[in-house]
$ cat data.pdb   # PDB, C-alpha atoms
MODEL        1
ATOM      1  CA  MET G   1       4.461   9.119 -26.958
ATOM      2  CA  ARG G   2       7.570  10.787 -28.378
ATOM      3  CA  VAL G   3       9.665   7.611 -28.390
ATOM      4  CA  SER G   4       6.922   5.317 -29.648
ATOM      5  CA  SER G   5       6.380   4.442 -33.277
ATOM      6  CA  GLY G   6       4.012   6.143 -35.679
ATOM      7  CA  ARG G   7       1.589   3.289 -35.133
ATOM      8  CA  THR G   8       0.408   4.955 -31.900
ATOM      9  CA  ALA G   9      -1.460   7.510 -34.003
ATOM     10  CA  TYR G  10      -4.082   4.858 -34.693
ATOM     11  CA  THR G  11      -6.908   4.629 -32.176
ATOM     12  CA  ASP G  12      -6.632   0.851 -31.816
ATOM     13  CA  HIS G  13      -3.131   1.098 -30.339
ATOM     14  CA  PRO G  14      -3.046   0.484 -26.533
ATOM     15  CA  LEU G  15      -0.725   3.440 -25.874
ATOM     16  CA  HIS G  16      -3.049   5.774 -27.770
ATOM     17  CA  ARG G  17      -6.015   4.574 -25.719
ATOM     18  CA  ARG G  18      -4.087   5.208 -22.478
ATOM     19  CA  PHE G  19      -3.172   8.689 -23.701
ATOM     20  CA  GLN G  20      -6.840   9.421 -24.427
ATOM     21  CA  ASP G  21      -7.836   8.145 -20.973
ATOM     22  CA  VAL G  22      -5.327  10.379 -19.208
ATOM     23  CA  THR G  23      -6.241  13.389 -21.333
ATOM     24  CA  ALA G  24      -9.951  12.905 -20.606
ATOM     25  CA  ALA G  25      -9.333  12.483 -16.875
ATOM     26  CA  ILE G  26      -7.336  15.707 -16.726
ATOM     27  CA  GLY G  27     -10.088  17.539 -18.599
ATOM     28  CA  HIS G  28     -12.797  16.221 -16.295
ATOM     29  CA  ALA G  29     -10.929  17.339 -13.186
ATOM     30  CA  PHE G  30     -11.458  20.949 -14.227
ATOM     31  CA  LEU G  31     -15.211  20.576 -14.696
ATOM     32  CA  LEU G  32     -15.631  21.103 -10.952
ATOM     33  CA  ALA G  33     -15.339  24.890 -11.108
ATOM     34  CA  ASP G  34     -17.460  25.571  -8.028
ATOM     35  CA  PRO G  35     -15.173  24.012  -5.387
ATOM     36  CA  LEU G  36     -12.089  25.360  -7.123
ATOM     37  CA  GLY G  37     -13.613  28.829  -7.368
ATOM     38  CA  ARG G  38     -14.562  28.875  -3.698
ATOM     39  CA  ALA G  39     -11.082  27.804  -2.640
ATOM     40  CA  HIS G  40      -9.435  30.353  -4.920
ATOM     41  CA  GLY G  41     -11.715  33.124  -3.660
ATOM     42  CA  ALA G  42     -11.045  32.190  -0.047
ATOM     43  CA  LEU G  43      -7.298  32.286  -0.640
ATOM     44  CA  ALA G  44      -7.523  35.589  -2.503
ATOM     45  CA  LEU G  45      -9.522  37.152   0.323
ATOM     46  CA  ASP G  46      -7.291  35.698   3.069
ATOM     47  CA  ALA G  47     -10.198  33.816   4.600
ATOM     48  CA  ALA G  48      -9.630  31.992   7.860
ATOM     49  CA  ASP G  49     -11.113  28.706   6.605
ATOM     50  CA  VAL G  50     -10.289  27.649   3.054
ATOM     51  CA  PRO G  51     -12.525  24.811   1.830
ATOM     52  CA  ALA G  52     -10.802  21.567   0.873
ATOM     53  CA  VAL G  53     -10.885  20.713  -2.817
ATOM     54  CA  HIS G  54     -11.091  17.020  -3.762
ATOM     55  CA  LEU G  55     -10.377  16.263  -7.414
TER      56      LEU G  55
ENDMDL
END
$ encode --input "data.pdb" --output "structure tokens"
Amino acid sequence: MRVSSGRTAYTDHPLHRRFQDVTAAIGHAFLLADPLGRAHGALALDAADVPAVHL
């Protein structure tokens, strides 16, 4: 985005749409707080079996 023209600020530009897609995907990955919380708690408590987290 830094090296592209100012035209990418408009929502009809393909690069802007890709940027929005990536930003939304990253945001949605963190909506799964339950599996992440369980894994973090298991690691913090030195549990023998840490659940796998699939994002």
$ atom_distance --input "data.pdb" --atom1 "CA of Ala44 (chain G)" --atom2 "CA of Ile26 (chain G)"
24.4 Å
$ atom_distance --input "data.pdb" --atom1 "CA of Pro35 (chain G)" --atom2 "CA of Ala48 (chain G)"
16.4 Å
$ atom_distance --input "data.pdb" --atom1 "CA of Asp34 (chain G)" --atom2 "CA of Val53 (chain G)"
9.7 Å
$ closest_residue --input "data.pdb" --among "G:Val50, G:Thr11, G:His16, G:Asp21" --to "Gly37 (chain G)" --atoms "only C-alpha atoms"
G:Val50
